[in-house]
Structure formats: C-alpha cells, structure tokens
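Student: My structure is stored as my_file_27.txt, with compact mmCIF, C-alpha atoms and all ligand atoms.
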```
# COMPACT_ATOMS: atom_id res chain seq x y z
CA THR A 27 77.10 124.79 107.35
CA GLY A 28 80.44 125.65 108.93
CA LYS A 29 79.25 128.34 111.32
CA LEU A 30 75.99 126.79 112.48
CA PRO A 31 76.02 124.46 115.48
CA PHE A 32 75.96 120.71 114.85
CA GLU A 33 72.78 119.36 113.40
CA ALA A 34 72.21 115.85 112.10
CA LEU A 35 71.46 115.62 108.37
CA SER A 36 68.51 113.69 107.03
CA VAL A 37 67.51 112.45 103.59
CA GLU A 38 65.04 115.37 103.47
CA THR A 39 67.41 118.17 104.57
CA LEU A 40 70.66 117.13 102.93
CA ALA A 41 70.18 118.85 99.56
CA THR A 42 69.10 122.11 101.20
CA ARG A 43 71.93 122.13 103.70
CA LEU A 44 74.72 121.07 101.34
CA GLY A 45 73.27 122.56 98.13
CA THR A 46 75.83 125.37 98.13
CA ASN A 47 78.79 123.22 99.14
CA GLU A 48 81.33 123.84 96.39
CA ALA A 49 83.22 120.59 96.74
CA LEU A 50 80.04 118.57 96.49
CA CYS A 51 78.55 120.66 93.66
CA SER A 52 81.69 120.36 91.58
CA LYS A 53 81.62 116.56 91.97
CA ILE A 54 77.97 115.76 91.42
CA GLY A 55 76.40 118.84 89.80
CA LYS A 56 75.11 122.20 90.97
CA ASP A 57 71.39 121.58 90.65
CA ALA A 58 70.65 120.39 94.18
CA SER A 59 66.95 120.03 93.44
CA ALA A 60 67.89 117.15 91.14
CA TRP A 61 70.02 115.36 93.75
CA LYS A 62 68.92 111.92 94.83
CA VAL A 63 69.73 111.14 98.44
CA ARG A 64 69.69 107.71 100.07
CA GLU A 65 70.82 106.64 103.49
CA VAL A 66 73.05 103.55 103.42
CA GLY A 67 73.26 103.05 107.13
CA ASP A 68 74.50 99.50 107.58
CA GLY A 69 77.21 100.77 109.90
CA ASN A 70 76.93 100.75 113.66
CA LEU A 71 77.95 104.25 114.59
CA ASN A 72 77.28 106.93 111.98
CA LEU A 73 75.01 108.33 109.30
CA VAL A 74 76.09 107.57 105.73
CA PHE A 75 74.30 109.04 102.71
CA ILE A 76 74.78 108.41 99.01
CA VAL A 77 74.10 111.61 97.07
CA GLU A 78 73.74 111.43 93.31
CA GLY A 79 73.44 114.42 91.00
CA ALA A 80 73.52 115.07 87.28
CA SER A 81 77.29 114.54 86.98
CA GLY A 82 78.10 111.91 89.58
CA GLY A 83 77.79 110.68 93.14
CA ALA A 84 79.43 111.21 96.52
CA ILE A 85 79.25 109.85 100.04
CA VAL A 86 78.32 112.11 102.94
CA LYS A 87 79.26 110.58 106.28
CA GLN A 88 78.25 112.32 109.49
CA ALA A 89 78.91 111.36 113.08
CA LEU A 90 76.13 111.60 115.65
CA PRO A 91 76.59 112.55 119.29
CA TYR A 92 75.67 108.98 120.19
CA VAL A 93 76.07 105.40 118.92
CA ARG A 94 73.66 104.95 116.04
CA LEU A 95 73.05 101.26 116.75
CA VAL A 96 72.12 101.86 120.40
CA GLY A 97 70.65 105.39 120.45
CA ASP A 98 71.17 108.43 122.67
CA SER A 99 71.50 106.31 125.80
CA TRP A 100 75.09 105.74 124.64
CA PRO A 101 76.76 109.11 123.96
CA LEU A 102 79.83 109.18 121.72
CA PRO A 103 81.66 112.38 120.80
CA LEU A 104 81.43 113.94 117.34
CA LYS A 105 85.20 114.33 117.21
CA ARG A 106 85.50 110.74 115.91
CA SER A 107 84.85 112.32 112.53
CA PHE A 108 87.94 114.49 113.00
CA PHE A 109 90.06 111.38 113.64
CA GLU A 110 88.55 109.57 110.66
CA TYR A 111 89.35 112.52 108.41
CA HIS A 112 92.93 112.80 109.63
CA ALA A 113 93.47 109.05 109.39
CA LEU A 114 92.16 109.04 105.81
CA THR A 115 94.54 111.80 104.75
CA ARG A 116 97.51 109.93 106.24
CA GLN A 117 96.49 106.61 104.71
CA ALA A 118 96.06 108.28 101.32
CA ALA A 119 99.60 109.69 101.56
CA ARG A 120 101.21 106.49 102.87
CA ALA A 121 99.31 103.97 100.76
CA PRO A 122 98.10 105.85 97.66
CA GLY A 123 94.91 104.55 96.09
CA SER A 124 93.88 102.46 99.09
CA VAL A 125 91.17 104.72 100.57
CA PRO A 126 88.32 106.82 99.14
CA ALA A 127 89.32 110.33 98.01
CA ILE A 128 88.25 113.07 100.43
CA TYR A 129 86.39 116.05 98.95
CA TYR A 130 85.47 118.04 102.07
CA PHE A 131 85.57 118.00 105.86
CA ASP A 132 83.52 120.07 108.33
CA GLU A 133 84.65 119.60 111.89
CA VAL A 134 81.65 121.29 113.55
CA GLN A 135 79.12 119.29 111.54
CA ALA A 136 81.32 116.17 112.00
CA LEU A 137 80.90 115.58 108.31
CA ILE A 138 83.13 114.05 105.65
CA ILE A 139 82.29 114.18 101.95
CA MET A 140 84.17 111.51 100.04
CA GLU A 141 84.39 109.43 96.92
CA TYR A 142 81.40 107.15 96.29
CA LEU A 143 82.87 103.71 95.76
CA SER A 144 80.74 102.02 93.15
CA PRO A 145 80.12 99.24 92.16
CA HIS A 146 82.15 98.20 95.23
CA ILE A 147 80.52 96.10 97.90
CA ILE A 148 81.53 95.35 101.47
CA LEU A 149 84.08 92.50 101.52
CA ARG A 150 82.21 90.68 104.29
CA ARG A 151 79.12 90.46 102.06
CA ALA A 152 81.16 89.11 99.16
CA LEU A 153 82.72 86.42 101.33
CA ILE A 154 79.32 85.38 102.71
CA GLU A 155 78.10 85.02 99.13
CA GLY A 156 81.06 82.78 98.40
CA ARG A 157 82.80 85.17 96.04
CA GLN A 158 86.55 84.79 95.57
CA LEU A 159 88.19 88.16 95.08
CA PRO A 160 91.54 87.72 93.31
CA ASN A 161 93.36 90.81 94.61
CA ILE A 162 92.40 91.32 98.23
CA ALA A 163 95.41 89.61 99.81
CA ARG A 164 97.86 91.68 97.79
CA ASP A 165 95.98 94.96 98.25
CA ILE A 166 95.37 94.59 101.98
CA GLY A 167 98.85 93.24 102.65
CA LEU A 168 100.37 96.27 100.90
CA PHE A 169 98.01 98.66 102.69
CA MET A 170 98.96 97.30 106.09
CA ALA A 171 102.71 97.24 105.44
CA ARG A 172 102.74 100.78 104.04
CA THR A 173 100.52 102.43 106.64
CA LEU A 174 101.99 100.60 109.63
CA PHE A 175 105.61 101.14 108.56
CA ARG A 176 105.23 104.72 107.38
CA GLY A 177 103.27 105.81 110.46
CA SER A 178 106.00 104.68 112.84
CA ASP A 179 109.39 105.79 114.12
CA LEU A 180 110.91 103.46 111.53
CA SER A 181 110.02 106.03 108.94
CA MET A 182 108.72 109.33 110.29
CA VAL A 183 110.56 112.39 111.51
CA THR A 184 110.22 111.87 115.24
CA LYS A 185 108.87 115.36 115.90
CA GLU A 186 106.05 114.74 113.44
CA ARG A 187 105.33 111.30 114.82
CA LYS A 188 105.10 112.65 118.34
CA ALA A 189 102.76 115.41 117.19
CA ASP A 190 100.55 112.79 115.54
CA LEU A 191 100.73 110.60 118.60
CA ALA A 192 99.42 113.55 120.63
CA LEU A 193 96.71 114.34 118.07
CA PHE A 194 95.31 110.83 118.01
CA ALA A 195 95.73 110.33 121.76
CA ASP A 196 92.53 112.34 122.12
CA ASN A 197 90.51 109.58 120.42
CA VAL A 198 89.82 108.35 123.94
CA GLU A 199 86.21 107.24 123.66
CA LEU A 200 86.73 105.03 120.61
CA CYS A 201 89.80 103.46 122.19
CA ASP A 202 87.66 102.86 125.26
CA ILE A 203 85.18 100.91 123.11
CA THR A 204 87.98 98.65 121.88
CA GLU A 205 89.54 98.33 125.32
CA ASN A 206 86.29 97.14 126.87
CA LEU A 207 84.35 95.50 124.06
CA VAL A 208 87.29 93.59 122.61
CA PHE A 209 89.59 92.78 125.50
CA SER A 210 87.39 92.53 128.58
CA ASP A 211 83.63 92.17 128.08
CA PRO A 212 83.75 88.81 126.27
CA TYR A 213 85.37 87.24 129.35
CA PHE A 214 82.68 88.02 131.92
CA ASP A 215 78.92 88.48 131.74
CA ALA A 216 79.08 92.15 130.77
CA LYS A 217 75.71 93.81 130.26
CA MET A 218 75.69 94.21 126.49
CA ASN A 219 77.09 90.75 125.70
CA ARG A 220 75.11 88.15 123.86
CA HIS A 221 75.80 84.73 122.39
CA THR A 222 73.87 81.96 120.69
CA SER A 223 72.09 80.41 123.64
CA PRO A 224 71.61 77.81 125.02
CA GLN A 225 73.85 76.04 122.47
CA LEU A 226 77.05 77.87 123.47
CA ASP A 227 76.33 78.31 127.20
CA GLY A 228 78.66 75.51 128.30
CA LEU A 229 81.60 76.63 126.16
CA VAL A 230 81.09 80.26 127.17
CA ALA A 231 81.24 79.32 130.85
CA GLU A 232 84.40 77.33 130.15
CA LEU A 233 86.09 80.27 128.40
CA ARG A 234 85.13 82.69 131.17
CA ALA A 235 86.69 80.35 133.74
CA ASP A 236 89.84 79.98 131.64
CA ARG A 237 92.58 81.70 133.64
CA ASP A 238 95.26 81.42 130.95
CA LEU A 239 92.94 82.96 128.38
CA LYS A 240 91.89 85.85 130.60
CA VAL A 241 95.45 86.68 131.55
CA GLU A 242 96.45 86.55 127.88
CA ALA A 243 93.57 88.84 126.88
CA GLN A 244 94.66 91.39 129.48
CA ARG A 245 98.28 91.12 128.37
CA LEU A 246 97.11 91.93 124.86
CA LYS A 247 95.02 94.82 126.18
CA HIS A 248 98.15 96.10 127.91
CA LEU A 249 100.02 95.88 124.62
CA PHE A 250 97.19 97.68 122.83
CA THR A 251 97.19 100.61 125.24
CA ALA A 252 100.92 100.86 125.96
CA ASN A 253 102.68 100.10 122.68
CA ALA A 254 102.00 103.28 120.71
CA GLU A 255 104.28 102.38 117.81
CA THR A 256 102.25 103.32 114.75
CA LEU A 257 99.04 104.87 113.47
CA LEU A 258 96.52 102.05 113.29
CA HIS A 259 93.37 101.89 111.21
CA GLY A 260 91.86 100.57 114.41
CA ASP A 261 88.80 98.82 112.94
CA LEU A 262 90.24 96.83 110.05
CA HIS A 263 87.70 94.04 109.64
CA SER A 264 86.03 92.75 106.48
CA GLY A 265 83.15 95.22 107.03
CA SER A 266 85.63 98.11 106.66
CA ILE A 267 86.83 97.01 103.22
CA MET A 268 85.03 97.61 99.94
CA VAL A 269 85.81 95.55 96.87
CA THR A 270 85.24 94.83 93.22
CA ASP A 271 86.95 91.94 91.47
CA GLN A 272 89.77 94.33 90.63
CA GLU A 273 89.85 96.91 93.41
CA THR A 274 90.15 97.02 97.19
CA ARG A 275 89.58 100.09 99.37
CA MET A 276 89.74 100.52 103.13
CA ILE A 277 87.07 102.73 104.71
CA ASP A 278 85.97 103.84 108.18
CA PRO A 279 89.19 104.51 110.16
CA GLU A 280 87.44 106.45 112.95
CA PHE A 281 89.10 104.18 115.57
CA ALA A 282 92.53 105.34 114.40
CA PHE A 283 95.12 105.84 117.09
CA TYR A 284 98.71 104.94 117.92
CA GLY A 285 99.02 101.30 118.91
CA PRO A 286 100.82 98.04 118.07
CA MET A 287 101.28 97.08 114.40
CA ALA A 288 100.00 93.58 115.10
CA PHE A 289 96.55 94.85 116.07
CA ASP A 290 95.34 95.74 112.55
CA ILE A 291 96.86 92.57 111.08
CA GLY A 292 95.46 90.30 113.77
CA MET A 293 91.96 91.77 113.52
CA LEU A 294 92.00 91.46 109.74
CA LEU A 295 93.21 87.85 109.66
CA ALA A 296 90.68 86.94 112.38
CA ASN A 297 87.94 88.09 110.03
CA PHE A 298 89.21 85.76 107.30
CA TRP A 299 89.35 82.87 109.75
CA MET A 300 85.82 83.66 110.97
CA SER A 301 84.63 83.71 107.38
CA PHE A 302 86.30 80.29 107.01
CA PHE A 303 84.44 78.86 110.03
CA SER A 304 81.13 80.40 108.92
CA GLN A 305 81.16 78.85 105.43
CA ARG A 306 79.52 75.65 106.69
CA GLY A 307 76.50 77.78 107.58
CA HIS A 308 76.19 79.09 104.02
CA GLU A 309 76.59 75.78 102.27
CA GLN A 310 72.93 75.39 101.25
CA LYS A 311 73.76 77.82 98.45
CA GLY A 312 76.38 75.38 97.14
CA LYS A 313 79.42 73.56 98.41
CA ARG A 314 82.02 75.80 99.94
CA ASP A 315 85.12 73.58 99.86
CA ALA A 316 86.81 75.77 97.27
CA MET A 317 85.82 78.88 99.23
CA ARG A 318 87.38 77.50 102.40
CA ALA A 319 90.61 76.71 100.55
CA TYR A 320 90.53 80.20 99.03
CA LEU A 321 90.18 81.86 102.45
CA LEU A 322 93.17 79.98 103.86
CA ASP A 323 95.17 80.96 100.78
CA VAL A 324 94.17 84.59 101.32
CA VAL A 325 95.49 84.42 104.88
CA VAL A 326 98.81 82.98 103.68
CA GLU A 327 99.17 85.52 100.91
CA THR A 328 98.14 88.53 103.00
CA TRP A 329 100.78 87.74 105.60
CA ALA A 330 103.40 86.99 102.92
CA VAL A 331 102.69 90.26 101.08
CA PHE A 332 102.77 92.16 104.35
CA ARG A 333 106.15 90.68 105.27
CA ALA A 334 107.63 91.21 101.82
CA GLU A 335 106.53 94.85 101.60
CA PHE A 336 107.45 95.60 105.19
CA SER A 337 110.90 94.11 104.56
CA HIS A 338 111.24 96.11 101.36
CA LEU A 339 110.38 99.35 103.20
CA TRP A 340 112.77 98.37 106.00
CA ARG A 341 115.60 98.02 103.51
CA THR A 342 114.81 101.09 101.42
CA GLU A 343 112.91 103.62 103.56
CA ARG A 344 114.18 103.25 107.09
CA THR A 345 114.60 106.99 107.62
CA GLY A 346 113.29 107.26 111.18
CA MET A 347 115.18 107.19 114.43
CA LEU A 348 114.77 103.46 115.08
CA TYR A 349 117.35 100.87 113.98
CA GLN A 350 119.24 103.65 112.23
CA ARG A 351 121.20 102.89 109.12
CA SER A 352 124.07 104.81 110.68
CA LEU A 353 124.45 101.95 113.17
CA PHE A 354 123.99 99.13 110.70
CA GLU A 355 124.29 99.49 106.91
CA ASP A 356 126.51 102.55 107.11
CA GLN A 357 128.97 100.49 109.15
CA GLY A 358 128.90 97.84 106.45
CA ASP A 359 126.80 95.55 108.66
CA ILE A 360 123.86 94.62 106.50
CA LEU A 361 123.21 91.50 108.54
CA ALA A 362 122.54 93.57 111.66
CA ALA A 363 119.67 95.29 109.87
CA GLU A 364 118.37 91.90 108.72
CA GLN A 365 118.63 90.48 112.23
CA ALA A 366 116.65 93.40 113.64
CA LEU A 367 114.04 93.05 110.89
CA ASP A 368 113.51 89.38 111.71
CA ASP A 369 113.13 90.26 115.35
CA VAL A 370 110.53 92.96 114.64
CA LEU A 371 108.57 90.68 112.29
CA HIS A 372 108.68 87.85 114.78
CA GLN A 373 107.21 90.09 117.50
CA ILE A 374 104.44 91.22 115.13
CA TRP A 375 103.72 87.58 114.31
CA THR A 376 103.43 86.48 117.93
CA ASP A 377 101.22 89.42 118.84
CA LEU A 378 98.93 89.23 115.82
CA LEU A 379 97.92 85.68 116.78
CA GLY A 380 96.84 86.98 120.16
CA PHE A 381 94.84 89.86 118.72
CA ALA A 382 93.26 87.53 116.18
CA GLY A 383 92.12 85.06 118.83
CA ILE A 384 90.58 87.81 120.97
CA GLU A 385 88.84 89.37 117.94
CA VAL A 386 87.19 86.02 117.16
CA HIS A 387 85.91 85.80 120.72
CA ARG A 388 84.47 89.26 120.92
CA ARG A 389 82.53 88.81 117.66
CA ILE A 390 80.78 85.75 119.10
CA LEU A 391 80.52 86.63 122.79
CA GLY A 392 80.38 90.42 122.90
CA LEU A 393 78.12 93.22 121.67
CA ALA A 394 79.24 93.61 118.04
CA HIS A 395 78.61 90.36 116.20
CA ASN A 396 79.35 89.90 112.51
CA ALA A 397 77.10 88.98 109.64
CA ASP A 398 79.22 85.94 108.74
CA PHE A 399 77.69 84.08 111.68
CA GLU A 400 74.54 86.20 112.24
CA THR A 401 73.13 85.42 108.81
CA ILE A 402 73.15 81.68 109.53
CA ALA A 403 69.44 81.28 110.33
CA ASP A 404 69.61 77.74 111.74
CA GLU A 405 70.78 78.37 115.31
CA ASP A 406 72.23 74.91 115.89
CA LEU A 407 74.25 75.21 112.72
CA ARG A 408 75.36 78.74 113.63
CA ALA A 409 76.37 77.63 117.12
CA SER A 410 78.42 74.77 115.74
CA CYS A 411 80.33 77.16 113.46
CA GLU A 412 80.79 79.62 116.32
CA ALA A 413 81.98 76.92 118.74
CA LYS A 414 84.73 75.89 116.32
CA ALA A 415 85.82 79.50 115.91
CA LEU A 416 85.84 80.04 119.68
CA LYS A 417 88.09 77.01 120.24
CA PHE A 418 90.38 78.14 117.45
CA GLY A 419 90.57 81.64 118.93
CA ARG A 420 91.40 80.32 122.37
CA HIS A 421 94.12 78.09 121.01
CA ILE A 422 95.95 80.71 118.98
CA ALA A 423 95.69 83.39 121.69
CA VAL A 424 96.99 81.22 124.51
CA ASN A 425 99.62 79.32 122.50
CA ARG A 426 100.78 82.19 120.35
CA ARG A 427 104.42 81.97 121.45
CA GLN A 428 104.62 78.29 120.47
CA ILE A 429 103.09 78.64 117.01
CA HIS A 430 105.62 79.16 114.27
CA SER A 431 103.97 79.57 110.91
CA ILE A 432 100.81 80.63 109.17
CA ASP A 433 100.54 77.12 107.69
CA GLU A 434 100.47 75.73 111.21
CA VAL A 435 97.55 78.02 112.08
CA ASN A 436 95.69 77.16 108.88
CA ASN A 437 96.24 73.44 109.47
CA LEU A 438 94.77 73.90 112.93
CA ALA A 439 91.75 75.73 111.48
CA ALA A 440 91.21 72.92 108.96
CA LEU A 441 91.56 70.32 111.71
CA ILE A 442 88.95 72.03 113.90
CA GLU A 443 86.60 72.65 110.95
P1 LIG B 501 80.20 103.30 110.36
O1 LIG B 501 81.33 104.08 110.91
O2 LIG B 501 78.89 103.73 110.89
O3 LIG B 501 80.43 101.81 110.46
P2 LIG B 501 81.01 103.12 107.55
O4 LIG B 501 82.04 104.13 107.18
O5 LIG B 501 81.48 101.74 107.81
O6 LIG B 501 80.14 103.66 108.79
O7 LIG B 501 79.91 103.13 106.41
C1 LIG B 501 78.71 102.39 106.52
C2 LIG B 501 78.35 101.81 105.17
O8 LIG B 501 78.21 102.84 104.21
C3 LIG B 501 79.41 100.90 104.61
O9 LIG B 501 79.24 99.58 105.08
C4 LIG B 501 79.17 101.00 103.12
O10 LIG B 501 78.11 100.15 102.73
C5 LIG B 501 78.73 102.44 102.96
N1 LIG B 501 79.85 103.31 102.61
C6 LIG B 501 80.66 103.98 103.47
N2 LIG B 501 81.60 104.68 102.81
C7 LIG B 501 81.40 104.45 101.50
C8 LIG B 501 82.04 104.89 100.29
N3 LIG B 501 83.09 105.74 100.31
N4 LIG B 501 81.52 104.46 99.10
C9 LIG B 501 80.46 103.63 99.06
N5 LIG B 501 79.83 103.18 100.16
C10 LIG B 501 80.28 103.57 101.37
MG MG B 502 81.88 100.69 109.57
MG MG B 503 82.91 103.10 111.90
```
When written as structure tokens, how does the structure in this file appear?
Ligand code: ADP
Ligand code: MG
Ligand code: MG
Tutor:
Amino acid sequence: TGKLPFEALSVETLATRLGTNEALCSKIGKDASAWKVREVGDGNLNLVFIVEGASGGAIVKQALPYVRLVGDSWPLPLKRSFFEYHALTRQAARAPGSVPAIYYFDEVQALIIMEYLSPHIILRRALIEGRQLPNIARDIGLFMARTLFRGSDLSMVTKERKADLALFADNVELCDITENLVFSDPYFDAKMNRHTSPQLDGLVAELRADRDLKVEAQRLKHLFTANAETLLHGDLHSGSIMVTDQETRMIDPEFAFYGPMAFDIGMLLANFWMSFFSQRGHEQKGKRDAMRAYLLDVVVETWAVFRAEFSHLWRTERTGMLYQRSLFEDQGDILAAEQALDDVLHQIWTDLLGFAGIEVHRRILGLAHNADFETIADEDLRASCEAKALKFGRHIAVNRRQIHSIDEVNNLAALIE
C-alpha cells in the first residue's frame, strides 16, 4: 500500500489491501482469505478494524481526511496518524508495557497496525457498569509520571527534546480542536455545543456570564499553548484507556504535543470525578455507594502514585538541563533539590485542578459529551448529575490556588453529590 495514494480501508477491502503486509501476516496468519474483519468504530475521529486470522488478531487503525463523527464537512489532516505513531513509540520507551505494541506504520495510508488488546474493554464502560478495577490508579499514575517526566527537559538531552518539540508542533489541527472545544466553546453559545435542555439552561447561562470562570479558562488555555514542557498524551480520558482486572493500557495519543504536565493529569482526574457524579444515574442497576467511594479512592491513589514516581524519577533520573544536580546534589545540597521538587509538584497540582474543572465543563456543555452522562436515559436525572458536576468544575477551576489537598477536593465532591 505504501506507494499508492491514500485510500480509506473498508471491511470488504482490508484483506485484499493488507493481505501481503508482512507484519500483519506474521502476527495473524498468511491466509488472508480466512481473515475475519470487523469495524469497531466507537471512536470519534478514525476507522478502527479488528482483524483476526488463523494465528491471532491485530488492530488496524486508519485516519480519514475528515472527522468521522461529523463527516467530510469537517476536514482533519491524515498526519494525526503520524503523531499517534510517534507518540506511541515514545510512550512505549518511557513507560514500558503501558501502550499497545506497534507492528507497522504507513504514513501515506495514515495507518497503524498494532496489538489487539483482548479481553480488554474501555475503562469508561467498566466504570459505567460499576466495575472496580484494582490496578488502574497505580498503572495510570506510573504512566503519567514516567511519560511526563521523561519527555521533558528534566530528563531528555535538550537537543533531542527540542527536535521532538518541533516535530509535534506540527500537530496544529488537533491542538486547535482542544484549544477551541475545551477552553473556549463551552463558555459561549458556539455552534456545535449542546447541553441537556431545558433542565440546564439556567445554570449554563450563569456559567457563561461568570467572569472569573471565563478568565480562568483563558488563563488555562494560555498555559496549554505556551507551556511546552513535556510530551503530552493529549487525550487522556477514560475512553482512551483499556482495562482488564489485571492490566491497564493507554491508547489513542493522536492529540500528542508539547504542553503542560498538569493537562494530562487534570483531564484524567476529571473523568474519574465525572464518573463519580454520573453514578447516581446508573443506580437502578444496584446501589453505587461503594462505587462512589472507590472512585474517590482511585483519585487519591492516582495522584499519590504520580507524586511518588515523579519524585523518585526526580531523585534518580534528573539528567536533563533543568534543576541540574551540578547545582544541587553535587554541591552537597540535597534540600535544594527537594525544595525545587516541591515547587514543581505544587505548580502541577494547582494547574491540574484548573484543567480538570474545564474538562468537566466541556463534556457537558460542548460538542464531545461522554457516555457516563449520555447513557442516563432519564433526562431529569441526567441533568441533576450534570449540574452537580458543573458546579464542582467551576469551583475547582476558579478556586484552584486556594485548594490544598486531594482530600479537600474529594470532600467537596461528596458534599455536592
Ligand atoms: P479514535 O481516535 O477514533 O477515538 P481509538 O483509538 O480511541 O479511535 O479507538 C476506537 C475504539 O477502538 C476504542 O474505543 C476501542 O474500543 C477500539 N480499539 C482501539 N485500539 C484498540 C486496541 N489496540 N485493541 C483493542 N481495541 C482497540
Ligand atoms: Mg479515542
Ligand atoms: Mg482519537
């Protein structure tokens, strides 16, 4: 396929077009006529196929020249596949075992062939079902600490980091989606917005007239665009994580680019808090008190694991040009390194609360809603869950500098719930 111009795959053409692909054949079996092809397609942007042959399965993910959810009225460049591929290779190196293995990449066809995660399911689905996964906090906390630390000037050779910064700087269109859909559209009546109406109309009007909130959202947008400190996943929500009871894998880093560490963490924690506020809407399938307590514990543990691993890497792997050991430890001043670490972690903490609050808002007011709330059929019930989440999001975004601990945030969530 490498030399032909881009052409979208289909369930019907996939075996013919990829039947001679060596990487795929060696994984799933050479006899392409026996391949079974299904389209998964619960994502918003791309084509995803599961291909199963005599000796195994694989995932074939292909970008389209437009947004899948919307159609060709919304063009989006194929090169997002290039950024996803390069992000996956870096994540695999920096946090081994945390992402699917990559078998093949074709830039022209915007196509990635990767490990078929099975029996994994999307974390968001598991949480909606009320399943408590025992390892997610540890696995995701480690993933974030390792990728965010090791993709930054705390760790990398600066020449390599700058080259990567330049490489990912071209991911303009996907950054533009975040810049508008996350930080701006929720706060005015942008065209593609929607919310549960009329139940939320009053609260939505209130939030859009909220000067402190709008200024804070733009400050966070400024941080997002200007603070290019590390390679982010860029779309780290519970729909980008696949799980079994034992295993956790991050997928879909096509939004990867250099931005603030707190962005990935804030978006991720926001998705746990949204799951928390949505549980009331799923209670007909059984009481969810234990699930709510579990979700708050996951938030506490994720942040604790992140901090512990980040601190460990700070003390043992700080090989980059920032906060050099030559200034601190090598002078016998271990406390200077610890002081700087506390400062960096404190900044991440303050910023992640802002990003989390904004992420909650955009999932309820913007274009891309999440299944946690959307699958609540009773609209009054859904709106009451969403209203609580909106108030929570506003509070943590606007007051982020005055909030001191994760317990404080969880207590607030419990109070609002
Ligand atoms: P999009 O960029 O369009 O959101 P995703 O990468 O999120 O696409 O994939 C869409 C869906 O395909 C996922 O929600 C998941 O169900 C499935 N999927 C994607 N990658 C894998 C994988 N490596 N193994 C198993 N299923 C996958
Ligand atoms: Mg996705
Ligand atoms: Mg995606």
Student: Which one is closest to A:Ser410: A:Arg172, A:Arg94, A:Arg306, A:Arg106? Count all atoms listed in the file.
Tutor: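 With all atoms listed in the file as the atom set, the closest residue is A:Arg306.
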Student: Using all atoms listed in the file, what table do you get, as a tab-separated table, when you list each residue of chain A with an atom no more than 12 Å from ligand MG 503 (chain B), its nearest pair of atoms, and their distance in Å rounded to one decimal, rows by chain then rising number?
Tutor:
```
residue	atom	partner	partner_atom	distance
A:Gly67	CA	B:MG503	MG	10.8
A:Asp68	CA	B:MG503	MG	10.1
A:Gly69	CA	B:MG503	MG	6.5
A:Asn70	CA	B:MG503	MG	6.7
A:Leu71	CA	B:MG503	MG	5.8
A:Asn72	CA	B:MG503	MG	6.8
A:Leu73	CA	B:MG503	MG	9.8
A:Val74	CA	B:MG503	MG	10.2
A:Lys87	CA	B:MG503	MG	10.0
A:Gln88	CA	B:MG503	MG	10.6
A:Ala89	CA	B:MG503	MG	9.3
A:Leu90	CA	B:MG503	MG	11.5
A:Val93	CA	B:MG503	MG	10.1
A:Arg94	CA	B:MG503	MG	10.3
A:Leu95	CA	B:MG503	MG	11.1
A:Leu102	CA	B:MG503	MG	12.0
A:Arg106	CA	B:MG503	MG	9.0
A:Ser107	CA	B:MG503	MG	9.4
A:Phe109	CA	B:MG503	MG	11.1
A:Glu110	CA	B:MG503	MG	8.7
A:Tyr111	CA	B:MG503	MG	11.9
A:Leu200	CA	B:MG503	MG	9.7
A:Ile203	CA	B:MG503	MG	11.6
A:His259	CA	B:MG503	MG	10.6
A:Gly260	CA	B:MG503	MG	9.6
A:Asp261	CA	B:MG503	MG	7.4
A:Leu262	CA	B:MG503	MG	9.8
A:His263	CA	B:MG503	MG	10.5
A:Gly265	CA	B:MG503	MG	9.3
A:Ser266	CA	B:MG503	MG	7.7
A:Ile267	CA	B:MG503	MG	11.3
A:Met276	CA	B:MG503	MG	11.4
A:Ile277	CA	B:MG503	MG	8.3
A:Asp278	CA	B:MG503	MG	4.9
A:Pro279	CA	B:MG503	MG	6.7
A:Glu280	CA	B:MG503	MG	5.7
A:Phe281	CA	B:MG503	MG	7.3
A:Ala282	CA	B:MG503	MG	10.2
A:Ala394	CA	B:MG503	MG	11.9
```
Student: Of the residues A:Val331, A:Ala121, A:Ile291, A:Ala127, which is the one nearest to ligand LIG 501 (chain B), using all atoms listed in the file?
Tutor: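 Closest residue, counting all atoms listed in the file: A:Ala127.
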Student: Kindly indicate which residue among A:Asp359, A:Glu33, A:Glu65, A:Glu141 lies nearest to ligand LIG 501 (chain B), using all atoms listed in the file for the distances.
Tutor: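 The answer is A:Glu141, which sits nearest to ligand LIG 501 (chain B).
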Student: With only C-alpha atoms and all ligand atoms as the basis for distance, which of A:Phe354, A:Tyr213, A:Phe302, A:Phe75 is at the shortest distance from ligand LIG 501 (chain B)?
Tutor: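 For ligand LIG 501 (chain B), the nearest of the candidates is A:Phe75.
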Student: Of the residues A:Gln272, A:Ser264, A:Ser178, A:Thr46, which is the one nearest to ligand LIG 501 (chain B), using all atoms listed in the file?
Tutor: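 Comparing A:Gln272, A:Ser264, A:Ser178, A:Thr46 against ligand LIG 501 (chain B), the winner is A:Ser264.
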